[in-house]
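Trainee: Sharing upload02.cif below, mmCIF, C-alpha atoms:
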data_model
#
loop_
_atom_site.label_atom_id
_atom_site.label_comp_id
_atom_site.auth_asym_id
_atom_site.auth_seq_id
_atom_site.Cartn_x
_atom_site.Cartn_y
_atom_site.Cartn_z
CA MET A 1153 18.22 115.70 147.92
CA TRP A 1154 19.08 118.11 150.70
CA ALA A 1155 22.75 117.34 150.33
CA GLU A 1156 22.44 118.17 146.67
CA ILE A 1157 20.71 121.48 147.42
CA LEU A 1158 23.31 122.41 149.98
CA ARG A 1159 26.19 121.61 147.67
CA ALA A 1160 24.59 123.49 144.82
CA THR A 1161 23.95 126.51 147.05
CA GLY A 1162 27.55 126.42 148.22
CA GLU A 1163 28.83 126.28 144.64
CA HIS A 1164 26.50 129.09 143.71
CA LEU A 1165 27.55 131.32 146.57
CA LEU A 1166 31.21 130.67 145.92
CA MET A 1167 30.89 131.62 142.27
CA VAL A 1168 29.03 134.80 143.14
CA LEU A 1169 31.43 135.78 145.94
CA ILE A 1170 34.53 135.30 143.80
CA ALA A 1171 33.03 137.20 140.91
CA VAL A 1172 31.75 140.11 142.98
CA PHE A 1173 35.02 140.30 144.87
CA VAL A 1174 37.06 140.52 141.68
CA ALA A 1175 34.57 142.92 140.10
CA THR A 1176 34.87 145.18 143.14
CA ALA A 1177 38.66 144.97 143.32
CA ALA A 1178 38.81 145.95 139.67
CA GLY A 1179 35.67 148.04 139.42
CA VAL A 1180 36.31 150.59 142.16
CA PRO A 1181 39.75 151.57 140.82
CA ILE A 1182 38.33 151.66 137.30
CA GLY A 1183 35.58 153.92 138.58
CA VAL A 1184 38.13 156.20 140.25
CA ALA A 1185 40.12 156.34 137.00
CA CYS A 1186 36.96 157.19 135.07
CA VAL A 1187 36.37 160.19 137.32
CA ARG A 1188 39.98 161.35 137.07
CA HIS A 1189 40.07 161.07 133.29
CA PRO A 1190 36.54 161.83 132.12
CA ARG A 1191 37.07 161.47 128.39
CA TRP A 1192 38.60 158.04 128.74
CA GLY A 1193 36.07 157.28 131.47
CA ARG A 1194 33.06 157.89 129.26
CA PHE A 1195 34.45 155.46 126.74
CA VAL A 1196 35.07 152.79 129.37
CA LEU A 1197 31.60 153.15 130.84
CA ARG A 1198 30.15 152.77 127.37
CA ALA A 1199 32.12 149.60 126.76
CA ILE A 1200 31.04 148.01 130.03
CA ASP A 1201 27.49 149.10 129.33
CA ILE A 1202 27.57 147.26 126.00
CA VAL A 1203 28.80 144.09 127.68
CA GLN A 1204 25.91 144.31 130.07
CA THR A 1205 23.35 144.43 127.30
CA ILE A 1206 24.50 141.11 125.88
CA PRO A 1207 22.08 138.40 127.03
CA SER A 1208 23.82 136.14 129.52
CA LEU A 1209 23.54 132.92 127.55
CA ALA A 1210 24.93 134.71 124.52
CA LEU A 1211 27.83 136.02 126.58
CA PHE A 1212 28.61 132.49 127.72
CA GLY A 1213 28.50 131.48 124.08
CA PHE A 1214 31.09 134.16 123.22
CA LEU A 1215 33.36 133.18 126.09
CA ILE A 1216 33.41 129.44 125.62
CA PRO A 1217 35.68 129.34 122.56
CA LEU A 1218 38.21 131.72 124.08
CA PRO A 1219 41.55 130.37 125.34
CA PHE A 1220 42.41 130.64 129.05
CA ILE A 1221 39.20 132.18 130.30
CA GLY A 1222 36.89 130.05 128.15
CA GLY A 1223 35.87 126.45 127.94
CA ILE A 1224 32.99 124.70 129.60
CA GLY A 1225 32.89 125.00 133.34
CA VAL A 1226 32.93 127.16 136.39
CA ARG A 1227 35.75 129.43 135.28
CA THR A 1228 33.85 130.71 132.25
CA ALA A 1229 30.79 131.25 134.38
CA ILE A 1230 32.79 133.29 136.87
CA VAL A 1231 34.33 135.39 134.09
CA ALA A 1232 30.86 136.15 132.78
CA LEU A 1233 29.67 137.03 136.29
CA ILE A 1234 32.61 139.40 136.72
CA LEU A 1235 31.78 141.14 133.49
CA TYR A 1236 28.16 141.57 134.50
CA SER A 1237 29.05 142.80 137.97
CA LEU A 1238 31.45 145.43 136.68
CA LEU A 1239 28.96 147.96 135.37
CA PRO A 1240 26.93 148.57 138.53
CA ILE A 1241 30.09 148.80 140.58
CA VAL A 1242 31.99 151.08 138.20
CA ARG A 1243 28.99 153.27 137.55
CA ASN A 1244 28.08 153.63 141.20
CA THR A 1245 31.67 154.40 142.10
CA VAL A 1246 31.68 157.18 139.51
CA THR A 1247 28.33 158.53 140.66
CA GLY A 1248 29.36 158.32 144.28
CA ILE A 1249 32.59 160.21 143.81
CA GLU A 1250 31.06 162.79 141.50
CA GLY A 1251 28.27 163.23 144.00
CA VAL A 1252 30.61 164.50 146.69
CA ASP A 1253 29.81 168.12 147.52
CA PRO A 1254 32.23 170.16 145.40
CA LEU A 1255 32.75 172.52 148.33
CA VAL A 1256 33.86 169.64 150.51
CA ARG A 1257 36.19 168.48 147.77
CA GLU A 1258 37.58 171.99 147.47
CA ALA A 1259 38.00 172.21 151.24
CA ALA A 1260 40.12 169.06 151.14
CA MET A 1261 42.31 170.59 148.43
CA VAL A 1262 42.65 173.92 150.17
CA LEU A 1263 43.72 172.33 153.45
CA GLY A 1264 46.64 170.79 151.59
CA MET A 1265 45.62 167.18 150.97
CA THR A 1266 47.26 165.43 148.07
CA ASP A 1267 44.93 163.98 145.43
CA ARG A 1268 45.47 160.55 146.92
CA GLN A 1269 44.75 161.69 150.46
CA ARG A 1270 41.63 163.43 149.28
CA LEU A 1271 40.48 160.29 147.49
CA LEU A 1272 41.07 157.99 150.42
CA SER A 1273 40.03 160.28 153.28
CA VAL A 1274 37.18 162.21 151.74
CA GLU A 1275 35.89 161.10 148.35
CA LEU A 1276 35.78 157.32 148.76
CA PRO A 1277 34.31 157.33 152.27
CA LEU A 1278 31.60 159.73 151.11
CA ALA A 1279 31.01 157.60 148.03
CA MET A 1280 30.55 154.43 150.10
CA PRO A 1281 26.74 154.40 150.18
CA SER A 1282 26.69 154.65 146.40
CA ILE A 1283 29.39 152.01 145.99
CA PHE A 1284 27.52 149.62 148.26
CA GLY A 1285 24.44 150.29 146.18
CA GLY A 1286 26.45 149.12 143.19
CA LEU A 1287 27.59 146.07 145.13
CA ARG A 1288 24.03 145.26 145.98
CA ILE A 1289 22.91 145.44 142.36
CA ALA A 1290 25.96 143.51 141.18
CA THR A 1291 25.40 140.70 143.70
CA VAL A 1292 21.73 140.32 142.88
CA ILE A 1293 22.50 140.24 139.16
CA ALA A 1294 25.31 137.75 139.71
CA ILE A 1295 23.07 135.43 141.69
CA GLY A 1296 20.61 135.48 138.82
CA VAL A 1297 23.11 135.07 136.00
CA ALA A 1298 24.85 132.27 137.90
CA THR A 1299 21.74 130.14 137.56
CA ILE A 1300 22.19 130.33 133.80
CA GLY A 1301 25.85 129.44 134.18
CA ALA A 1302 24.75 125.90 134.82
CA ALA A 1303 23.90 125.64 131.14
CA VAL A 1304 27.61 125.85 130.35
CA GLY A 1305 28.80 123.61 133.11
CA GLY A 1306 29.11 126.26 135.76
CA GLY A 1307 27.44 124.30 138.52
CA GLY A 1308 25.40 125.96 141.21
CA LEU A 1309 21.67 126.05 141.75
CA GLY A 1310 21.01 126.34 138.04
CA THR A 1311 22.05 122.72 137.67
CA LEU A 1312 19.05 121.68 139.72
CA ILE A 1313 16.75 123.89 137.70
CA PHE A 1314 17.97 122.63 134.35
CA ARG A 1315 17.96 119.00 135.42
CA GLY A 1316 14.50 119.47 136.87
CA VAL A 1317 13.30 120.89 133.55
CA ALA A 1318 14.87 118.02 131.62
CA MET A 1319 13.26 115.46 133.92
CA VAL A 1320 10.00 117.41 134.20
CA ASP A 1321 10.49 117.24 137.97
CA THR A 1322 8.88 120.27 139.61
CA THR A 1323 10.35 119.53 143.00
CA ARG A 1324 13.81 119.55 141.56
CA ILE A 1325 13.14 122.78 139.72
CA LEU A 1326 11.95 124.46 142.89
CA ALA A 1327 14.87 123.01 144.80
CA GLY A 1328 17.06 125.13 142.58
CA ALA A 1329 14.82 128.11 142.00
CA LEU A 1330 13.73 128.84 145.56
CA PRO A 1331 17.17 128.98 147.16
CA ALA A 1332 18.37 131.15 144.28
CA ALA A 1333 15.49 133.54 144.77
CA LEU A 1334 16.04 133.59 148.53
CA LEU A 1335 19.75 134.23 148.07
CA ALA A 1336 18.99 137.19 145.82
CA LEU A 1337 16.50 138.55 148.31
CA ALA A 1338 18.87 138.08 151.22
CA ALA A 1339 21.68 139.83 149.36
CA ASP A 1340 19.39 142.70 148.48
CA LEU A 1341 18.26 143.10 152.09
CA LEU A 1342 21.74 142.78 153.57
CA PHE A 1343 23.38 145.27 151.25
CA GLY A 1344 20.37 147.55 151.50
CA TRP A 1345 20.80 147.60 155.25
CA ILE A 1346 24.52 148.35 154.95
CA GLU A 1347 23.76 151.13 152.49
CA ARG A 1348 21.30 152.73 154.88
CA ARG A 1349 23.71 152.53 157.80
CA LEU A 1350 26.44 154.14 155.68
CA SER A 1351 24.14 156.89 154.42
CA SER A 1352 23.15 157.99 157.87
CA GLY A 1353 26.76 158.39 158.81
CA VAL A 1354 27.53 160.55 155.88
CA ARG A 1355 24.72 163.02 155.29
CA MET B 1192 56.84 184.88 160.80
CA ALA B 1193 53.78 186.14 158.93
CA SER B 1194 53.84 185.77 155.17
CA SER B 1195 54.20 188.46 152.56
CA VAL B 1196 52.22 188.22 149.39
CA GLU B 1197 52.68 189.68 145.96
CA LEU B 1198 50.58 189.78 142.84
CA ARG B 1199 52.39 191.18 139.85
CA ASN B 1200 50.30 192.13 136.86
CA ALA B 1201 48.10 189.16 137.52
CA SER B 1202 45.16 188.55 135.27
CA VAL B 1203 42.56 185.82 135.21
CA ARG B 1204 41.01 186.07 131.78
CA ASP B 1205 38.70 189.07 132.03
CA ILE B 1206 37.68 188.52 135.64
CA VAL B 1207 40.86 189.97 137.07
CA ARG B 1208 42.77 192.49 135.00
CA ASN B 1209 46.39 193.27 135.50
CA VAL B 1210 46.26 193.43 139.27
CA SER B 1211 49.38 194.31 141.17
CA LEU B 1212 49.25 194.10 144.90
CA ARG B 1213 51.96 193.79 147.50
CA ILE B 1214 51.07 192.84 151.04
CA GLU B 1215 53.75 192.87 153.70
CA SER B 1216 54.18 190.53 156.59
CA GLY B 1217 51.64 191.12 159.33
CA GLU B 1218 49.31 193.35 157.36
CA ALA B 1219 45.52 193.07 157.52
CA VAL B 1220 44.00 193.91 154.17
CA ALA B 1221 40.34 193.95 153.17
CA LEU B 1222 39.30 193.42 149.56
CA ILE B 1223 35.99 195.08 148.96
CA GLY B 1224 33.87 195.67 145.92
CA ARG B 1225 30.59 194.85 144.29
CA SER B 1226 29.49 191.29 143.62
CA GLY B 1227 31.25 189.98 140.58
CA ALA B 1228 34.01 192.56 140.84
CA GLY B 1229 36.62 189.82 140.96
CA LYS B 1230 37.68 190.10 144.60
CA THR B 1231 37.05 186.44 145.36
CA THR B 1232 39.06 185.47 142.31
CA VAL B 1233 41.94 187.66 143.48
CA LEU B 1234 41.78 185.82 146.79
CA ARG B 1235 41.71 182.48 145.04
CA LEU B 1236 44.90 183.41 143.18
CA LEU B 1237 46.62 183.43 146.54
CA ASN B 1238 45.92 179.79 147.38
CA GLY B 1239 46.14 178.51 143.86
CA LEU B 1240 42.44 177.79 143.46
CA ALA B 1241 42.57 180.18 140.54
CA GLN B 1242 45.40 180.18 138.03
CA PRO B 1243 46.58 183.45 136.54
CA SER B 1244 46.28 183.60 132.77
CA SER B 1245 49.17 186.05 132.91
CA GLY B 1246 51.29 187.65 135.58
CA ALA B 1247 52.77 186.19 138.73
CA VAL B 1248 51.69 185.23 142.22
CA SER B 1249 54.22 184.79 144.97
CA ILE B 1250 54.14 184.21 148.68
CA ASP B 1251 57.19 185.01 150.82
CA GLY B 1252 58.99 185.90 147.63
CA LYS B 1253 58.55 182.44 146.15
CA PRO B 1254 56.30 182.04 143.14
CA LEU B 1255 53.33 179.76 143.59
CA ILE B 1256 54.02 176.67 141.50
CA ALA B 1257 51.42 174.01 140.79
CA SER B 1258 53.61 171.14 141.95
CA GLU B 1259 54.19 172.81 145.31
CA LEU B 1260 50.62 173.86 145.95
CA THR B 1261 49.69 170.96 148.18
CA GLN B 1262 52.59 171.59 150.53
CA ARG B 1263 52.21 175.34 150.58
CA ARG B 1264 48.49 175.22 151.22
CA ARG B 1265 49.17 173.57 154.57
CA ARG B 1266 50.64 176.89 155.66
CA ILE B 1267 47.77 178.96 154.33
CA GLY B 1268 44.51 179.22 156.21
CA THR B 1269 41.49 179.61 153.99
CA ILE B 1270 38.13 180.47 155.49
CA LEU B 1271 35.19 180.53 153.15
CA GLN B 1272 31.63 181.58 153.55
CA ALA B 1273 30.40 178.00 153.72
CA PRO B 1274 32.52 175.91 156.06
CA ALA B 1275 32.28 172.70 153.97
CA LEU B 1276 33.17 170.49 156.91
CA PHE B 1277 33.78 166.81 156.25
CA PRO B 1278 30.37 165.35 157.09
CA HIS B 1279 31.71 161.90 157.85
CA ARG B 1280 34.22 163.12 160.42
CA THR B 1281 33.72 164.50 163.91
CA VAL B 1282 34.42 168.09 164.86
CA PHE B 1283 37.73 167.02 166.36
CA GLU B 1284 38.74 165.03 163.30
CA ASN B 1285 37.85 167.94 161.04
CA ILE B 1286 39.98 170.30 163.06
CA ALA B 1287 42.85 167.83 163.23
CA THR B 1288 43.12 167.65 159.44
CA VAL B 1289 46.02 170.04 158.85
CA PRO B 1290 47.98 169.07 161.98
CA ARG B 1291 47.81 165.49 160.81
CA LEU B 1292 49.02 166.49 157.37
CA LEU B 1293 51.87 168.29 159.13
CA GLU B 1294 52.51 165.14 161.15
CA TRP B 1295 52.11 166.66 164.57
CA ASP B 1296 52.04 164.15 167.40
CA SER B 1297 48.66 163.41 168.90
CA SER B 1298 49.08 165.21 172.21
CA ARG B 1299 50.04 168.38 170.40
CA ILE B 1300 46.99 168.04 168.20
CA GLU B 1301 44.71 167.46 171.18
CA ASN B 1302 46.02 170.47 173.04
CA ALA B 1303 45.79 172.75 170.03
CA ALA B 1304 42.28 171.57 169.24
CA ALA B 1305 41.12 172.07 172.81
CA GLU B 1306 42.62 175.54 172.90
CA ILE B 1307 41.20 176.79 169.65
CA LEU B 1308 37.75 175.38 170.30
CA GLU B 1309 37.78 176.99 173.73
CA ARG B 1310 38.66 180.34 172.18
CA LEU B 1311 35.77 179.99 169.78
CA GLY B 1312 33.36 179.21 172.60
CA MET B 1313 32.90 175.54 171.75
CA PRO B 1314 34.54 173.43 174.48
CA VAL B 1315 36.03 170.25 173.10
CA ALA B 1316 34.40 168.06 175.73
CA LYS B 1317 31.02 169.14 174.51
CA PHE B 1318 31.66 169.46 170.79
CA GLY B 1319 34.67 167.40 169.85
CA HIS B 1320 32.93 164.13 169.21
CA ARG B 1321 29.90 165.58 167.43
CA PHE B 1322 29.24 165.40 163.74
CA PRO B 1323 28.77 168.52 161.60
CA ARG B 1324 25.19 167.70 160.78
CA SER B 1325 24.22 168.09 164.43
CA LEU B 1326 25.61 171.63 164.60
CA SER B 1327 23.95 174.93 163.83
CA GLY B 1328 25.20 177.01 160.90
CA GLY B 1329 27.09 179.32 163.20
CA GLU B 1330 28.69 176.42 165.04
CA GLN B 1331 29.73 174.82 161.77
CA GLN B 1332 31.32 178.04 160.62
CA ARG B 1333 33.25 178.31 163.86
CA VAL B 1334 34.49 174.76 163.43
CA GLY B 1335 35.53 175.71 159.90
CA ILE B 1336 37.47 178.64 161.28
CA ALA B 1337 39.13 176.37 163.84
CA ARG B 1338 40.03 173.89 161.13
CA SER B 1339 41.74 176.56 159.06
CA MET B 1340 43.56 178.23 161.91
CA ILE B 1341 44.63 175.50 164.30
CA ALA B 1342 48.08 175.19 162.75
CA ALA B 1343 48.65 178.95 163.09
CA PRO B 1344 49.20 179.58 159.38
CA PRO B 1345 51.27 182.67 158.59
CA LEU B 1346 48.79 183.68 155.91
CA LEU B 1347 45.06 183.82 156.36
CA LEU B 1348 42.68 184.19 153.43
CA CYS B 1349 39.03 184.79 154.21
CA ASP B 1350 36.06 185.11 151.92
CA GLU B 1351 33.13 186.59 153.80
CA PRO B 1352 33.96 184.45 156.80
CA PHE B 1353 31.33 185.89 159.08
CA SER B 1354 28.42 186.55 156.78
CA ALA B 1355 26.54 183.43 157.80
CA LEU B 1356 26.74 184.26 161.49
CA ASP B 1357 24.45 186.20 163.76
CA PRO B 1358 25.57 189.75 164.63
CA LEU B 1359 26.69 188.90 168.16
CA VAL B 1360 28.86 185.97 167.09
CA ARG B 1361 30.09 188.02 164.17
CA ARG B 1362 31.23 190.76 166.53
CA GLU B 1363 32.99 188.30 168.83
CA LEU B 1364 34.84 186.74 165.95
CA GLN B 1365 35.81 190.10 164.50
CA ASP B 1366 37.30 190.91 167.90
CA ALA B 1367 39.19 187.62 167.87
CA PHE B 1368 40.56 188.47 164.45
CA ILE B 1369 41.54 191.92 165.62
CA ASP B 1370 43.51 190.31 168.46
CA LEU B 1371 45.18 188.07 165.92
CA ARG B 1372 46.03 191.02 163.76
CA ASP B 1373 47.55 192.89 166.65
CA ALA B 1374 49.63 189.91 167.68
CA GLY B 1375 51.35 190.28 164.33
CA ASP B 1376 52.01 186.63 163.56
CA VAL B 1377 49.64 186.38 160.65
CA THR B 1378 49.00 188.26 157.45
CA MET B 1379 45.30 188.58 156.79
CA VAL B 1380 43.59 189.12 153.48
CA PHE B 1381 39.87 189.05 153.55
CA VAL B 1382 37.03 189.68 151.18
CA THR B 1383 33.98 191.30 152.61
CA HIS B 1384 30.87 193.10 151.53
CA ASP B 1385 30.62 194.80 154.85
CA LEU B 1386 32.58 198.03 154.80
CA GLY B 1387 32.06 198.44 158.53
CA GLU B 1388 33.70 195.09 159.15
CA ALA B 1389 36.52 195.96 156.75
CA LEU B 1390 37.18 199.20 158.61
CA ARG B 1391 37.20 197.43 161.97
CA VAL B 1392 39.41 194.51 161.20
CA ALA B 1393 41.63 195.70 158.36
CA ARG B 1394 44.19 198.42 158.34
CA ARG B 1395 44.29 198.72 154.57
CA ILE B 1396 41.38 198.69 152.16
CA VAL B 1397 41.57 197.67 148.53
CA LEU B 1398 38.56 198.45 146.37
CA ILE B 1399 38.20 196.24 143.32
CA ASP B 1400 35.86 197.04 140.49
CA GLN B 1401 35.47 195.05 137.27
CA GLY B 1402 38.64 193.14 137.89
CA GLU B 1403 40.84 196.14 138.57
CA ILE B 1404 42.13 197.80 141.69
CA VAL B 1405 40.47 201.16 141.93
CA CYS B 1406 41.71 202.26 145.31
CA ASP B 1407 44.37 200.83 147.62
CA GLU B 1408 44.83 202.87 150.75
CA PRO B 1409 45.32 202.62 154.49
CA ARG B 1410 42.06 202.89 156.34
CA ASP B 1411 42.00 206.58 157.06
CA ALA B 1412 43.19 207.59 153.61
CA PHE B 1413 40.52 205.36 152.15
CA LEU B 1414 37.82 207.15 154.10
CA ALA B 1415 39.14 210.46 152.87
CA SER B 1416 39.40 209.33 149.26
CA THR B 1417 37.71 211.43 146.61
CA HIS B 1418 37.30 208.56 144.17
CA PRO B 1419 33.60 208.44 143.21
CA LEU B 1420 33.22 204.71 143.69
CA VAL B 1421 34.83 204.87 147.12
CA LYS B 1422 32.47 207.61 148.11
CA LYS B 1423 29.54 205.57 146.85
CA PHE B 1424 30.63 202.62 148.97
CA ILE B 1425 31.03 204.73 152.06
CA GLU B 1426 27.68 206.30 151.50
CA ALA B 1427 25.97 202.96 151.00
CA ALA B 1428 27.51 201.64 154.19
CA ARG B 1429 26.24 204.46 156.26
CA VAL B 1430 23.37 203.23 158.38
CA GLY B 1431 20.37 205.45 158.95
#
Take the structure I supplied and represent it as structure tokens, if you would.
Mentor:
Amino acid sequence: MWAEILRATGEHLLMVLIAVFVATAAGVPIGVACVRHPRWGRFVLRAIDIVQTIPSLALFGFLIPLPFIGGIGVRTAIVALILYSLLPIVRNTVTGIEGVDPLVREAAMVLGMTDRQRLLSVELPLAMPSIFGGLRIATVIAIGVATIGAAVGGGGLGTLIFRGVAMVDTTRILAGALPAALLALAADLLFGWIERRLSSGVR
Amino acid sequence: MASSVELRNASVRDIVRNVSLRIESGEAVALIGRSGAGKTTVLRLLNGLAQPSSGAVSIDGKPLIASELTQRRRRIGTILQAPALFPHRTVFENIATVPRLLEWDSSRIENAAAEILERLGMPVAKFGHRFPRSLSGGEQQRVGIARSMIAAPPLLLCDEPFSALDPLVRRELQDAFIDLRDAGDVTMVFVTHDLGEALRVARRIVLIDQGEIVCDEPRDAFLASTHPLVKKFIEAARVG
């Protein structure tokens, strides 16, 4: 049983890590673009917001019939996780950058930094606490949604939960549920700690 | 070689109206006027923070073009009332900003930083590694001044640079600016509410009222002016 739990946890973590990584790699630049082009940005934020309101099982349902990214299995689950992780990351990137003291932003301009230099040297570093906050939320959500991914063949700890339910085996259910809950808690604490460390360096 | 500056019939909507001003290399000019008179906006025309709705702005005979702003700003020192230091960078890193943009080598940057901090009474050994949040308001403003001036820009634009400082520090810095003025390598344009300060540091006073230049005279002629608003200003500045 332990081997099963370990494997399921590993699958779960891998899914979440891949999804959050891709969501960050895409989400932060999207967030930056949203700030640079506010009219377009509002529209994009809206769109991602709508995706987030779709219940996870329903989203899986929508994705399954699609070519390439669809089908039953881990890939669909990861795609869904990426979509769910995008909003917190994009939104917190936007908030973080917009939250930079306008006088500091102006100082960067007046000293002769290019837009790119200003973004990389001033705005993004100062937005880090907010961005990590988005990462924290995204990871916790992803850990949760990944448990449902098992329903569409995604693997992970959800498999144990679903099988436990089917077999009316409480131990099996808990074997899936507890690690998932602990993972979410651990992620929350870890990212929360990073956020606090970053904030104190930036005030 | 200090910069020359020219505004030709520059307007910014109704904040600045048809202002023409020519400042020669090495001059020290004070822009004074009531709050909201438009003097800060005139200053901001000179570093491109404000765009003229009509008219022209040029520095060293070359018009200020949007695509060149970034480059040209590296040779303009701007000192504002609030220093707006980068909170996530040390004092040294803040000061090194423009030298790094100008690609100076690190020993040159270190020497220049040490020298300017020393002149401002903040030895680098004691202050260089500190973060802005651990500094007093006056110390932060001095770091801001160092940051703007370390690369010896030929044009210096100041907007109430000393107003947040205590009178003793203010006096010291005014003296430092007077030395700079006399050395002749920089053209200074500064906005101030304090007529006394304007008369000390500047050699030419420009009074702006409701977006227009009302009086533009060398110091002594300004004091002798019969323009009613000038007289009001002088009267208001008189202490006791």
Trainee: Check every residue of chain A for an atom within 9 Å of chain B, counting only C-alpha atoms, and provide those that qualify as a compact mmCIF listing (two decimals) with C-alpha atoms, in the coordinates of the input.
Mentor:
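Output file part.txt is given in full below:
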# COMPACT_ATOMS: atom_id res chain seq x y z
CA ASP A 1253 29.81 168.12 147.52
CA PRO A 1254 32.23 170.16 145.40
CA LEU A 1255 32.75 172.52 148.33
CA VAL A 1256 33.86 169.64 150.51
CA ARG A 1257 36.19 168.48 147.77
CA GLU A 1258 37.58 171.99 147.47
CA ALA A 1259 38.00 172.21 151.24
CA ALA A 1260 40.12 169.06 151.14
CA MET A 1261 42.31 170.59 148.43
CA VAL A 1262 42.65 173.92 150.17
CA LEU A 1263 43.72 172.33 153.45
CA GLY A 1264 46.64 170.79 151.59
CA MET A 1265 45.62 167.18 150.97
CA THR A 1266 47.26 165.43 148.07
CA ASP A 1267 44.93 163.98 145.43
CA VAL A 1274 37.18 162.21 151.74
CA PRO A 1277 34.31 157.33 152.27
CA LEU A 1278 31.60 159.73 151.11
CA GLY A 1353 26.76 158.39 158.81
CA VAL A 1354 27.53 160.55 155.88
CA ARG A 1355 24.72 163.02 155.29
Trainee: Tell me which protein, DNA and RNA residues are within 8 Å of A:Ile1224, counting all atoms listed in the file, leaving out same-chain ones fewer than 2 positions away, and put them as an mmCIF file with C-alpha atoms, keeping the file's coordinate frame.
Mentor:
data_model
loop_
_atom_site.group_PDB
_atom_site.id
_atom_site.type_symbol
_atom_site.label_atom_id
_atom_site.label_comp_id
_atom_site.auth_asym_id
_atom_site.auth_seq_id
_atom_site.Cartn_x
_atom_site.Cartn_y
_atom_site.Cartn_z
ATOM 1 C CA ILE A 1216 33.410 129.440 125.620
ATOM 2 C CA GLY A 1222 36.890 130.050 128.150
ATOM 3 C CA VAL A 1226 32.930 127.160 136.390
ATOM 4 C CA ARG A 1227 35.750 129.430 135.280
ATOM 5 C CA THR A 1228 33.850 130.710 132.250
ATOM 6 C CA VAL A 1304 27.610 125.850 130.350
ATOM 7 C CA GLY A 1305 28.800 123.610 133.110
ATOM 8 C CA GLY A 1306 29.110 126.260 135.760
#
Trainee: Skip stretch 1353-1369 of chain B itself and residues of its chain fewer than 2 positions away, then list as a short mmCIF file (atom, residue, chain, number, x, y, z; two decimals) with C-alpha atoms, keeping the file's coordinate frame all residues within 7 Å of it, counting only C-alpha atoms.
Mentor:
data_model
loop_
_atom_site.label_atom_id
_atom_site.label_comp_id
_atom_site.auth_asym_id
_atom_site.auth_seq_id
_atom_site.Cartn_x
_atom_site.Cartn_y
_atom_site.Cartn_z
CA GLN B 1272 31.63 181.58 153.55
CA GLY B 1329 27.09 179.32 163.20
CA GLU B 1351 33.13 186.59 153.80
CA LEU B 1371 45.18 188.07 165.92
CA ARG B 1372 46.03 191.02 163.76
CA ASP B 1373 47.55 192.89 166.65
CA VAL B 1392 39.41 194.51 161.20
#
Trainee: Check what the PyMOL selection byres ((chain A and resi 1168) around 8) selects in the file above and give those residues as a list in words.
Mentor: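 Here the PyMOL selection byres ((chain A and resi 1168) around 8) matches His1164, Leu1165, Leu1166, Met1167, Leu1169, Ile1170, Ala1171, Val1172, Ile1230, Leu1233, Thr1291, Ala1294, Ile1295 and Ala1298 of chain A.
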Trainee: Check the smallest atom-to-atom distance from each of A:Met1153, A:Leu1341, A:Ile1300, A:Ala1229 to A:Arg1288 using only C-alpha atoms, then report the winner.
Mentor: A:Leu1341
